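Listing of model-v1.tsv; format and content: TSV, C-alpha atoms and all ligand atoms.
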chain	number	residue	atom	x	y	z
A	130	MET	CA	97.20	26.13	203.58
A	131	LYS	CA	98.92	23.99	200.97
A	132	ARG	CA	96.44	22.52	198.51
A	133	TYR	CA	96.72	19.08	196.96
A	134	LEU	CA	94.89	18.84	193.66
A	135	VAL	CA	94.37	15.96	191.32
A	136	GLU	CA	96.82	16.11	188.39
A	137	TYR	CA	95.38	15.49	184.93
A	138	ALA	CA	98.58	15.49	182.87
A	139	ASP	CA	102.32	15.23	183.38
A	140	TRP	CA	103.52	17.90	180.95
A	141	SER	CA	106.98	19.44	180.73
A	142	HIS	CA	107.97	22.60	178.82
A	143	ARG	CA	108.38	20.41	175.73
A	144	GLU	CA	104.66	19.79	175.34
A	145	TYR	CA	103.99	23.54	175.53
A	146	LEU	CA	106.74	24.20	172.97
A	147	ALA	CA	105.23	21.64	170.59
A	148	ILE	CA	101.85	23.36	170.95
A	149	ALA	CA	103.33	26.84	170.41
A	150	LYS	CA	105.22	25.69	167.32
A	151	ASN	CA	102.20	24.07	165.73
A	152	LEU	CA	99.93	27.00	166.53
A	153	LEU	CA	102.42	29.37	164.92
A	154	LEU	CA	102.68	27.16	161.84
A	155	GLY	CA	98.91	26.75	161.64
A	156	ARG	CA	99.19	22.96	161.95
A	157	VAL	CA	96.24	22.41	164.26
A	158	HIS	CA	94.15	19.80	162.49
A	159	ARG	CA	96.46	18.51	159.76
A	160	GLY	CA	100.22	18.27	159.75
A	161	PRO	CA	103.24	15.96	159.86
A	162	ASP	CA	102.96	15.04	163.55
A	163	ILE	CA	100.10	12.63	162.88
A	164	GLU	CA	102.40	10.50	160.74
A	165	LYS	CA	105.24	10.93	163.27
A	166	LEU	CA	102.99	9.62	166.02
A	167	ARG	CA	101.78	6.74	163.86
A	168	GLN	CA	105.38	5.74	163.18
A	169	ALA	CA	106.40	6.04	166.84
A	170	LEU	CA	103.50	3.79	167.88
A	171	ALA	CA	104.19	1.34	165.05
A	172	LYS	CA	107.80	1.06	166.23
A	173	MET	CA	106.77	0.63	169.85
A	174	TYR	CA	103.89	-1.84	169.42
A	175	ALA	CA	104.76	-3.46	166.06
A	176	PRO	CA	101.13	-4.20	165.15
A	177	ALA	CA	99.75	-4.89	161.67
A	178	GLY	CA	98.31	-1.36	161.67
A	179	VAL	CA	97.99	1.79	163.79
A	180	HIS	CA	94.97	4.06	163.28
A	181	LEU	CA	94.77	7.38	165.05
A	182	LEU	CA	91.37	8.83	165.89
A	183	ASN	CA	89.94	11.49	168.16
A	184	TYR	CA	88.79	9.14	170.97
A	185	GLY	CA	89.76	5.76	172.36
A	186	HIS	CA	86.10	4.73	172.56
A	187	HIS	CA	85.75	5.43	168.83
A	188	ALA	CA	88.53	2.91	168.24
A	189	ILE	CA	86.47	0.38	170.23
A	190	GLU	CA	83.38	1.13	168.13
A	191	ILE	CA	85.23	0.62	164.85
A	192	ALA	CA	86.66	-2.70	166.02
A	193	LEU	CA	83.20	-3.86	167.12
A	194	GLU	CA	81.69	-2.85	163.81
A	195	ILE	CA	84.21	-4.99	161.94
A	196	PHE	CA	83.79	-7.93	164.35
A	197	LYS	CA	80.02	-7.73	163.89
A	198	GLU	CA	80.38	-7.91	160.12
A	199	GLN	CA	82.58	-10.99	160.47
A	200	ARG	CA	80.26	-12.77	162.91
A	201	PRO	CA	76.73	-11.52	162.31
A	202	GLY	CA	74.25	-12.89	164.82
A	203	ARG	CA	76.59	-12.67	167.78
A	204	LEU	CA	75.47	-9.73	169.85
A	205	GLU	CA	77.02	-9.87	173.30
A	206	VAL	CA	80.17	-8.12	174.45
A	207	ILE	CA	81.69	-9.10	177.79
A	208	GLY	CA	83.43	-6.48	179.91
A	209	PRO	CA	84.17	-5.74	183.56
A	210	ALA	CA	81.63	-4.44	186.07
A	211	TYR	CA	84.05	-1.64	186.92
A	212	ILE	CA	84.93	0.49	183.90
A	213	CYS	CA	84.79	3.96	182.35
A	214	PRO	CA	81.13	4.34	181.26
A	215	SER	CA	82.12	5.43	177.73
A	216	VAL	CA	83.01	1.79	176.97
A	217	PRO	CA	79.61	0.16	177.60
A	218	SER	CA	78.02	3.16	175.85
A	219	SER	CA	80.14	2.45	172.77
A	220	VAL	CA	78.96	-1.15	172.80
A	221	ALA	CA	75.32	-0.04	172.96
A	222	ARG	CA	75.84	2.51	170.17
A	223	ARG	CA	76.93	-0.34	167.89
A	224	GLY	CA	73.67	-2.17	168.61
A	225	LEU	CA	75.37	-4.74	170.83
A	226	GLN	CA	74.60	-5.92	174.36
A	227	TRP	CA	76.99	-5.25	177.19
A	228	ARG	CA	77.44	-8.00	179.76
A	229	SER	CA	79.31	-7.19	182.95
A	230	VAL	CA	81.39	-9.75	184.78
A	231	ASP	CA	83.13	-9.64	188.13
A	232	VAL	CA	86.29	-7.75	188.80
A	233	GLY	CA	88.99	-8.92	191.18
A	234	GLU	CA	90.48	-7.13	194.17
A	235	ASP	CA	92.67	-5.11	191.81
A	236	LEU	CA	89.54	-3.69	190.10
A	237	ASN	CA	90.37	-5.59	186.90
A	238	ILE	CA	88.21	-8.03	184.96
A	239	ASP	CA	88.48	-11.55	186.34
A	240	ALA	CA	89.66	-14.18	183.85
A	241	ALA	CA	87.61	-17.02	185.41
A	242	ALA	CA	84.48	-14.83	185.28
A	243	VAL	CA	85.13	-14.16	181.59
A	244	LYS	CA	85.45	-17.87	180.91
A	245	SER	CA	82.17	-18.74	182.56
A	246	ALA	CA	80.29	-15.88	180.88
A	247	ILE	CA	81.20	-16.87	177.31
A	248	GLY	CA	78.30	-18.36	175.38
A	249	SER	CA	77.08	-18.90	171.83
A	250	ASN	CA	76.00	-15.24	171.59
A	251	THR	CA	79.37	-13.80	172.64
A	252	LEU	CA	81.04	-11.66	170.01
A	253	ALA	CA	83.95	-10.20	171.94
A	254	VAL	CA	85.58	-9.49	175.28
A	255	ILE	CA	86.84	-6.03	176.24
A	256	ALA	CA	89.61	-6.30	178.82
A	257	PRO	CA	90.82	-2.95	180.21
A	258	HIS	CA	93.71	-2.41	182.59
A	259	MET	CA	92.19	-0.12	185.14
A	260	TYR	CA	94.33	2.93	185.91
A	261	GLY	CA	97.22	1.16	184.19
A	262	CYS	CA	97.25	-1.91	186.46
A	263	PRO	CA	97.66	-4.92	184.14
A	264	ALA	CA	94.73	-7.35	184.05
A	265	ASP	CA	95.39	-11.08	183.64
A	266	ILE	CA	95.41	-10.48	179.90
A	267	GLN	CA	97.53	-13.51	179.02
A	268	SER	CA	94.92	-15.89	180.46
A	269	ILE	CA	92.08	-13.90	178.89
A	270	GLU	CA	93.81	-14.07	175.51
A	271	THR	CA	94.06	-17.87	175.80
A	272	ILE	CA	90.40	-18.13	176.88
A	273	CYS	CA	89.23	-16.02	173.94
A	274	LYS	CA	91.39	-17.91	171.44
A	275	ASP	CA	90.08	-21.26	172.69
A	276	ALA	CA	86.49	-20.01	172.51
A	277	GLY	CA	87.01	-18.45	169.06
A	278	ILE	CA	85.86	-14.99	170.10
A	279	TYR	CA	87.40	-11.57	169.60
A	280	LEU	CA	89.45	-9.85	172.27
A	281	ILE	CA	89.96	-6.09	172.61
A	282	ASP	CA	93.02	-5.38	174.76
A	283	ASP	CA	91.92	-2.02	176.13
A	284	ALA	CA	95.15	-0.27	177.07
A	285	ALA	CA	93.46	3.17	177.07
A	286	GLN	CA	94.84	3.85	180.55
A	287	ALA	CA	98.04	1.85	180.16
A	288	VAL	CA	100.23	3.24	177.37
A	289	GLY	CA	103.80	2.01	177.86
A	290	ILE	CA	102.92	-0.64	180.48
A	291	LYS	CA	103.90	-4.27	180.05
A	292	HIS	CA	102.45	-7.58	181.17
A	293	GLY	CA	105.40	-9.96	181.30
A	294	ASP	CA	107.50	-8.89	178.34
A	295	ARG	CA	104.59	-7.77	176.14
A	296	LEU	CA	103.19	-4.26	176.03
A	297	LEU	CA	99.53	-3.91	176.96
A	298	GLY	CA	97.58	-3.27	173.78
A	299	THR	CA	99.39	-6.05	171.89
A	300	PHE	CA	97.20	-8.89	173.20
A	301	GLY	CA	94.07	-10.09	171.42
A	302	ASP	CA	92.83	-9.00	168.01
A	303	VAL	CA	93.07	-5.25	168.55
A	304	GLY	CA	94.47	-2.91	171.18
A	305	ILE	CA	93.05	0.44	172.29
A	306	LEU	CA	94.94	3.56	173.37
A	307	SER	CA	93.59	6.84	174.70
A	308	PHE	CA	95.37	10.16	175.18
A	309	ALA	CA	92.62	11.87	177.19
A	310	GLN	CA	93.12	13.42	180.64
A	311	SER	CA	94.40	11.29	183.53
A	312	LYS	CA	95.92	8.61	181.31
A	313	MET	CA	99.61	7.73	180.94
A	314	VAL	CA	99.98	9.78	177.76
A	315	VAL	CA	97.81	12.89	177.86
A	316	THR	CA	97.20	15.34	175.05
A	317	GLY	CA	94.07	17.07	176.35
A	318	VAL	CA	90.34	16.44	176.66
A	319	ARG	CA	87.26	16.11	174.47
A	320	GLY	CA	88.60	14.21	171.52
A	321	SER	CA	92.31	14.76	172.05
A	322	GLY	CA	93.17	11.35	170.66
A	323	GLY	CA	93.02	7.61	170.73
A	324	GLY	CA	94.52	4.75	168.82
A	325	LEU	CA	93.45	1.46	167.37
A	326	LEU	CA	96.26	-1.10	167.17
A	327	VAL	CA	95.40	-3.93	164.81
A	328	ASN	CA	97.11	-7.06	166.08
A	329	ASP	CA	95.31	-9.58	163.87
A	330	HIS	CA	96.67	-8.83	160.41
A	331	THR	CA	93.61	-10.37	158.74
A	332	LEU	CA	91.53	-7.44	160.05
A	333	GLU	CA	93.89	-4.69	158.92
A	334	ARG	CA	92.57	-4.11	155.39
A	335	GLN	CA	88.98	-3.65	156.49
A	336	ILE	CA	89.90	-1.48	159.46
A	337	SER	CA	92.23	0.75	157.48
A	338	GLU	CA	89.60	1.19	154.74
A	339	ARG	CA	87.07	2.21	157.39
A	340	CYS	CA	89.46	4.58	159.15
A	341	ALA	CA	90.43	6.27	155.88
A	342	THR	CA	86.85	7.50	155.52
A	343	PHE	CA	86.96	9.73	158.61
A	344	ALA	CA	87.32	13.50	158.29
A	345	SER	CA	90.08	15.59	159.84
A	346	SER	CA	89.63	16.79	163.41
A	347	SER	CA	87.83	20.02	164.28
A	348	GLY	CA	87.52	22.36	167.25
A	349	ARG	CA	90.92	21.49	168.69
A	350	ILE	CA	91.98	25.01	169.69
A	351	GLU	CA	88.81	25.44	171.73
A	352	ALA	CA	89.34	22.01	173.32
A	353	LEU	CA	92.93	22.93	174.16
A	354	ALA	CA	91.82	26.22	175.76
A	355	HIS	CA	89.26	24.27	177.78
A	356	PHE	CA	91.89	21.77	178.89
A	357	PHE	CA	94.36	24.47	179.79
A	358	TRP	CA	92.03	26.65	181.88
A	359	ASN	CA	89.98	23.92	183.51
A	360	TYR	CA	92.63	21.27	184.11
A	361	LEU	CA	96.24	22.40	183.76
A	362	ALA	CA	95.92	25.90	185.18
A	363	ALA	CA	93.46	24.91	187.93
A	364	PRO	CA	96.12	24.53	190.67
A	365	TYR	CA	97.26	28.11	190.04
A	366	VAL	CA	94.09	30.00	189.15
A	367	GLY	CA	91.43	27.84	190.83
A	368	GLY	CA	87.83	28.48	189.76
A	369	LEU	CA	88.92	31.61	187.89
A	370	GLY	CA	90.16	29.36	185.07
A	371	TYR	CA	86.61	28.21	184.47
A	372	TYR	CA	85.39	31.78	184.07
A	373	ILE	CA	88.30	32.69	181.78
A	374	TRP	CA	87.48	29.72	179.62
A	375	ARG	CA	83.78	30.66	179.60
A	376	ILE	CA	84.69	34.15	178.39
A	377	LEU	CA	87.04	32.74	175.75
A	378	GLY	CA	84.41	30.14	174.91
A	379	PHE	CA	81.95	32.93	174.26
A	380	PHE	CA	84.05	33.87	171.24
A	381	SER	CA	84.62	30.37	169.99
A	382	LYS	CA	82.69	27.33	168.90
A	383	PRO	CA	81.47	24.97	171.61
A	384	THR	CA	83.41	21.70	171.74
A	385	GLY	CA	81.57	18.50	172.20
A	386	ASN	CA	81.53	15.01	170.84
A	387	VAL	CA	81.92	15.68	167.12
A	388	GLY	CA	81.70	12.06	165.98
A	389	VAL	CA	84.59	9.98	164.71
A	390	THR	CA	87.45	12.00	163.18
A	391	GLN	CA	91.17	11.58	162.69
A	392	ILE	CA	93.39	12.75	165.54
A	393	GLY	CA	94.33	16.46	165.29
A	394	ASN	CA	97.92	17.41	164.48
A	395	LEU	CA	98.20	19.56	167.61
A	396	ASP	CA	97.22	16.60	169.80
A	397	ALA	CA	99.49	14.25	167.86
A	398	ALA	CA	102.44	16.63	168.39
A	399	VAL	CA	101.87	16.53	172.16
A	400	ALA	CA	101.55	12.74	172.08
A	401	VAL	CA	104.90	12.46	170.25
A	402	VAL	CA	106.56	14.44	173.06
A	403	GLN	CA	104.77	12.44	175.76
A	404	LEU	CA	105.84	9.15	174.17
A	405	ALA	CA	109.45	10.35	174.06
A	406	ARG	CA	109.15	11.11	177.82
A	407	ILE	CA	107.20	7.97	178.69
A	408	GLN	CA	109.91	6.40	180.83
A	409	SER	CA	110.16	9.54	182.96
A	410	ILE	CA	106.34	9.70	183.25
A	411	LEU	CA	106.15	6.05	184.33
A	412	ALA	CA	109.02	6.47	186.80
A	413	ALA	CA	107.30	9.46	188.46
A	414	LYS	CA	104.06	7.49	188.73
A	415	LYS	CA	105.88	4.53	190.24
A	416	ASN	CA	107.58	6.80	192.74
A	417	VAL	CA	104.35	8.39	193.99
A	418	LEU	CA	102.64	4.99	194.23
A	419	ASN	CA	105.51	3.75	196.40
A	420	LEU	CA	105.21	6.83	198.62
A	421	TYR	CA	101.54	6.03	199.18
A	422	ASN	CA	102.38	2.41	199.85
A	423	ASP	CA	104.93	3.41	202.51
A	424	VAL	CA	102.62	5.87	204.22
A	425	ILE	CA	99.35	3.95	204.08
A	426	GLN	CA	100.69	1.01	206.12
A	427	ILE	CA	99.81	2.76	209.39
A	428	TYR	CA	96.16	3.28	208.39
A	429	PRO	CA	94.06	0.14	208.88
A	430	LYS	CA	91.03	1.80	207.22
A	431	MET	CA	92.79	2.26	203.89
A	432	ARG	CA	94.59	0.13	201.36
A	433	LEU	CA	95.91	0.35	197.83
A	434	PRO	CA	93.98	-2.26	195.83
A	435	GLN	CA	96.30	-2.01	192.83
A	436	TYR	CA	99.69	-1.80	194.51
A	437	ARG	CA	102.38	-4.00	193.04
A	438	GLN	CA	106.08	-3.56	193.30
A	439	ASP	CA	107.36	-1.80	190.19
A	440	ALA	CA	103.87	-0.78	189.09
A	441	SER	CA	103.16	2.66	187.61
A	442	LEU	CA	99.54	3.73	187.86
A	443	ALA	CA	97.90	6.48	185.84
A	444	ARG	CA	95.99	7.41	189.04
A	445	VAL	CA	96.37	6.22	192.60
A	446	VAL	CA	93.13	4.93	194.09
A	447	VAL	CA	92.61	4.13	197.76
A	448	GLU	CA	90.10	1.55	198.94
A	449	LEU	CA	88.37	2.36	202.22
A	450	ALA	CA	87.47	-0.36	204.70
A	451	GLU	CA	83.94	1.02	205.12
A	452	ASP	CA	81.37	2.52	202.79
A	453	VAL	CA	81.23	6.31	202.85
A	454	ASN	CA	79.14	9.03	201.28
A	455	PHE	CA	81.59	10.20	198.64
A	456	GLU	CA	80.13	13.71	198.31
A	457	LEU	CA	80.37	14.30	202.07
A	458	LEU	CA	83.89	12.94	202.20
A	459	ALA	CA	85.08	14.97	199.22
A	460	GLN	CA	83.51	18.14	200.61
A	461	GLU	CA	85.10	17.73	204.02
A	462	ILE	CA	88.49	16.93	202.55
A	463	ARG	CA	88.36	19.84	200.11
A	464	ARG	CA	87.93	22.15	203.10
A	465	ARG	CA	91.28	20.84	204.31
A	466	GLY	CA	92.97	21.42	200.96
A	467	VAL	CA	92.83	17.95	199.40
A	468	GLN	CA	90.94	17.13	196.21
A	469	LEU	CA	89.47	13.66	195.75
A	470	ARG	CA	88.13	11.92	192.67
A	471	SER	CA	85.18	9.63	192.58
A	472	ALA	CA	85.42	6.04	191.37
A	473	TYR	CA	83.48	5.12	188.21
A	474	PRO	CA	79.75	4.65	188.76
A	475	PRO	CA	78.28	1.16	188.28
A	476	VAL	CA	77.59	0.38	184.63
A	477	CYS	CA	75.69	-2.87	184.78
A	478	SER	CA	72.10	-3.90	185.21
A	479	SER	CA	71.38	-5.62	188.50
A	480	GLY	CA	71.07	-9.06	186.86
A	481	ASP	CA	74.70	-9.08	185.78
A	482	ALA	CA	77.33	-10.84	187.83
A	483	GLY	CA	79.64	-8.56	189.74
A	484	CYS	CA	77.20	-5.68	190.09
A	485	GLN	CA	76.63	-6.00	193.79
A	486	ARG	CA	79.20	-3.39	194.60
A	487	ASN	CA	79.08	0.34	194.05
A	488	TYR	CA	82.73	1.34	194.08
A	489	VAL	CA	81.84	5.03	194.44
A	490	ASN	CA	81.15	4.23	198.11
A	491	ASN	CA	84.60	2.95	198.96
A	492	VAL	CA	87.17	3.67	196.28
A	493	VAL	CA	88.57	7.19	195.95
A	494	GLY	CA	91.18	8.72	193.69
A	495	VAL	CA	93.82	10.77	195.51
A	496	PRO	CA	96.25	13.41	194.20
A	497	SER	CA	99.20	11.64	192.60
A	498	GLY	CA	101.21	14.21	190.64
A	499	ARG	CA	104.96	13.97	190.21
A	500	LYS	CA	105.70	16.86	192.57
A	501	LEU	CA	104.34	15.16	195.68
A	502	ASN	CA	106.90	14.24	198.32
A	503	LYS	CA	106.60	12.01	201.38
A	504	GLU	CA	105.33	14.81	203.66
A	505	ASP	CA	102.64	15.67	201.12
A	506	VAL	CA	101.47	12.07	200.94
A	507	GLU	CA	101.52	11.84	204.76
A	508	ARG	CA	99.31	14.93	204.94
A	509	ILE	CA	96.87	13.62	202.29
A	510	CYS	CA	96.54	10.23	204.02
A	511	ALA	CA	96.11	11.84	207.46
A	512	VAL	CA	93.36	14.15	206.18
A	513	LEU	CA	91.60	11.28	204.42
A	514	ASP	CA	91.82	9.02	207.45
A	515	SER	CA	90.43	11.61	209.82
A	516	ALA	CA	87.54	12.50	207.50
A	517	ILE	CA	86.36	8.95	206.90
A	518	ASN	CA	84.42	8.66	210.17
A	519	GLY	CA	82.33	11.75	209.48
A	520	ALA	CA	81.38	10.50	206.02
A	521	ARG	CA	80.49	6.94	206.98
A	522	GLN	CA	77.31	5.61	205.32
A	523	ARG	CA	74.54	5.38	207.87
B	1	LIG	C1	89.50	1.65	180.05
B	1	LIG	C2	89.06	2.71	179.10
B	1	LIG	N1	88.78	2.38	177.83
B	1	LIG	C3	88.41	3.29	176.92
B	1	LIG	C4	88.27	4.62	177.27
B	1	LIG	C5	87.82	5.60	176.25
B	1	LIG	O1	88.82	6.53	175.94
B	1	LIG	P1	88.43	7.97	175.36
B	1	LIG	O2	88.09	8.84	176.52
B	1	LIG	O3	89.66	8.42	174.64
B	1	LIG	O4	87.29	7.77	174.45
B	1	LIG	C6	88.53	5.02	178.59
B	1	LIG	C7	88.39	6.42	178.99
B	1	LIG	O5	88.61	6.81	180.09
B	1	LIG	C8	88.94	4.04	179.52
B	1	LIG	O6	89.22	4.37	180.78
As structure tokens - that is how I would like this structure written.
Ligand SMILES: Cc1ncc(COP(=O)(O)O)c(C=O)c1O
Amino acid sequence: MKRYLVEYADWSHREYLAIAKNLLLGRVHRGPDIEKLRQALAKMYAPAGVHLLNYGHHAIEIALEIFKEQRPGRLEVIGPAYICPSVPSSVARRGLQWRSVDVGEDLNIDAAAVKSAIGSNTLAVIAPHMYGCPADIQSIETICKDAGIYLIDDAAQAVGIKHGDRLLGTFGDVGILSFAQSKMVVTGVRGSGGGLLVNDHTLERQISERCATFASSSGRIEALAHFFWNYLAAPYVGGLGYYIWRILGFFSKPTGNVGVTQIGNLDAAVAVVQLARIQSILAAKKNVLNLYNDVIQIYPKMRLPQYRQDASLARVVVELAEDVNFELLAQEIRRRGVQLRSAYPPVCSSGDAGCQRNYVNNVVGVPSGRKLNKEDVERICAVLDSAINGARQR
């Protein structure tokens, strides 16, 4: 039986060559690729400054720290009810309060909801582009400017994507990039890289002074081994990869959240290659999204909430017409060779607007790697459709 697994990175032989070269030269944590990546991003985004760190959420934390110093007394940060949980956690770690607002049908923060949530305690808005689908960032930028509050254009999942003729990440006061698994540009997991783009030049001095204080990366070989065996090799070695990594892990340091550091050279080298291939990566993602759009038309129980002509999505998510038990659905579908991913869990307290819905019950991520063809997508959709009934919430 052919298996359809979720793809975590679109790597060619060039990424592996860059890794091999830097391993041989011993340029794991420090090396010239960090500056190469900084220059490539500076050329692409033309911000006042580019700062490369180990995580995208660390970039958010640094921006919030600086905002807080500028506007002490303002404690609330507005963000969408549907988001990667590391973002609200970053807000809380900086001693700020997260406030969720509604998302629209495309799973992105709603501009009108942002406008009505802004108050005298609002410090900033974080506007992500979920799975690379552009939010209405132009309107949100205008709203934030008019209200005199900071805007973080969170393009963690949207490297290389534009809204109108502007790249995502260039709106607002700062932009965020992430290079972790399942993004547009992927260098690995567990601290494999993120970027802070400073769009407001008046913030650049403070931010660059802060970023200069961070130590070099650590533990990147272990993180790469983990990524390789648990993510990249999974389609070929299955669960065995996990055990290989555990055995290798036995001889190496555990990798975890090591605090804020600079990006590692090994990760930067992969990011340089990925950025050079970005048009090919985006084209492959657009192609697979269009295949799903063609096939899904015959299934009334499924739709693509983020489909737009010419869009490239980091992951394809399917919205189901009815609530299901995700675990049951995923289990049943796995038996038939298809891997599903869960939506993000709810992040907001029940008093917040937009928290009525638990997207885990009716939004699922489907395999969307570049190798899928129309027959593959037909098979995935048919399996999903036939399993939905059995997993319906009672
Ligand atoms: C929208 C969004 N912002 C920020 C982040 C944080 O990125 P990182 O995992 O590099 O910390 C993520 C991670 O998935 C994300 O999806």
Considering all atoms listed in the file, give me a table of residues in chain A that are at most 7 Å from ligand LIG 1 (chain B), with the closest atom pair and distance in Å for each, as a Markdown table.
| residue | atom | partner | partner_atom | distance |
| --- | --- | --- | --- | --- |
| A:Tyr184 | CA | B:LIG1 | O3 | 3.8 |
| A:Gly185 | CA | B:LIG1 | O3 | 3.5 |
| A:His186 | CA | B:LIG1 | O4 | 3.8 |
| A:His187 | CA | B:LIG1 | O4 | 6.3 |
| A:Ile212 | CA | B:LIG1 | C1 | 6.1 |
| A:Cys213 | CA | B:LIG1 | O6 | 4.7 |
| A:Ser215 | CA | B:LIG1 | C5 | 5.9 |
| A:Val216 | CA | B:LIG1 | C3 | 5.6 |
| A:Pro257 | CA | B:LIG1 | C1 | 4.8 |
| A:His258 | CA | B:LIG1 | C1 | 6.4 |
| A:Met259 | CA | B:LIG1 | C1 | 6.0 |
| A:Asp283 | CA | B:LIG1 | N1 | 5.7 |
| A:Ala284 | CA | B:LIG1 | C1 | 6.7 |
| A:Ala285 | CA | B:LIG1 | N1 | 4.8 |
| A:Gln286 | CA | B:LIG1 | O6 | 5.6 |
| A:Ser307 | CA | B:LIG1 | O3 | 4.2 |
| A:Phe308 | CA | B:LIG1 | O3 | 6.0 |
| A:Ala309 | CA | B:LIG1 | O3 | 5.2 |
| A:Gly320 | CA | B:LIG1 | O3 | 6.7 |
| A:Gly322 | CA | B:LIG1 | O3 | 6.1 |
| A:Gly323 | CA | B:LIG1 | O3 | 5.2 |
Spatial neighbours of Glu461 in chain A, 10 Å, only C-alpha atoms, chain gap at least 3 places, as a list of chain:residue names: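 Once the adjacent positions are removed, what remains is A:Phe455, A:Glu456, A:Leu457, A:Leu458, A:Arg464, A:Arg465, A:Gly466, A:Val467, A:Gln468, A:Val512, A:Leu513, A:Ser515, A:Ala516, A:Ile517, A:Gly519, A:Ala520.
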Within 12 Å of file point (99.5, 14.7, 204.4), counting only C-alpha atoms, expressed as a VMD selection string: chain A and resid 130 to 133 420 to 421 424 to 425 462 465 to 467 495 to 496 501 to 515
Atomic distance CA of Ile148 in chain A - CA of Leu361 in chain A, expressed in Å with one decimal: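 Interatomic distance, CA of Ile148 in chain A to CA of Leu361 in chain A: 14.0 Å.
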For Asn422 in chain A: contacts at 9 Å, all atoms listed in the file, fewer than 6 positions along chain excluded, given as a list in words: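 Here the qualifying residues turn out to be Arg432, Leu433 and Tyr436 of chain A.
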Shell around range 337-340 of chain A at 10 Å using only C-alpha atoms, local window under 2 positions removed, as a ChimeraX atom specification: /A:178-182,188,191-192,194-195,325,327,332-335,342-344,389-391
Who sits within 8 Å of range 242-251 of chain A, only C-alpha atoms, same chain under 6 positions skipped, as number ranges by chain: A: 202-207, 230-231, 269, 272, 276, 278
Closest of A:Arg499, A:Lys430, A:Lys312, A:Arg167 to Ile290 in chain A - atom-to-atom distances counting all atoms listed in the file: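 Under the stated criterion, the closest residue is A:Lys312.
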Two-atom distance - CA of Arg521 in chain A, CA of Glu451 in chain A (Å):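 Distance reported for this atom pair: 7.1 Å.
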Could you pull the residues within 8 Å of Val492 in chain A, counting all atoms listed in the file, minus those fewer than 3 positions along the same chain, as an mmCIF file with C-alpha atoms, keeping the file's coordinate frame?
data_model
loop_
_atom_site.group_PDB
_atom_site.id
_atom_site.type_symbol
_atom_site.label_atom_id
_atom_site.label_comp_id
_atom_site.auth_asym_id
_atom_site.auth_seq_id
_atom_site.Cartn_x
_atom_site.Cartn_y
_atom_site.Cartn_z
ATOM 1 C CA VAL A 446 93.130 4.930 194.090
ATOM 2 C CA VAL A 447 92.610 4.130 197.760
ATOM 3 C CA GLU A 448 90.100 1.550 198.940
ATOM 4 C CA LEU A 449 88.370 2.360 202.220
ATOM 5 C CA SER A 471 85.180 9.630 192.580
ATOM 6 C CA ALA A 472 85.420 6.040 191.370
ATOM 7 C CA TYR A 488 82.730 1.340 194.080
ATOM 8 C CA VAL A 489 81.840 5.030 194.440
#
Neighbour residues at most 12 Å from (93.2, 24.2, 178.9) (only C-alpha atoms) as a ChimeraX atom specification: /A:137-138,145,148,310,316-319,321,349-363,366,370-371,373-375,377-378
Which residue of A:Ser141, A:Pro263, A:Gly233, A:Asn490 approaches Ile410 in chain A most closely, using all atoms listed in the file: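 Closest candidate: A:Ser141.
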Among the residues A:Arg156, A:Arg444, A:Arg470, A:Arg463, the one that comes closest to Ser497 in chain A [using all atoms listed in the file]: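 The answer is A:Arg444, which sits nearest to Ser497 in chain A.
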Separation of CA of Gln522 in chain A from CA of Arg486 in chain A, in Å and rounded to one decimal: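 Here the two named atoms are 14.1 Å from each other.
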Given only C-alpha atoms as the counted atoms, nearest of A:Ala398, A:Ala253, A:Val445, A:Leu170 to Arg228 in chain A: A:Ala253
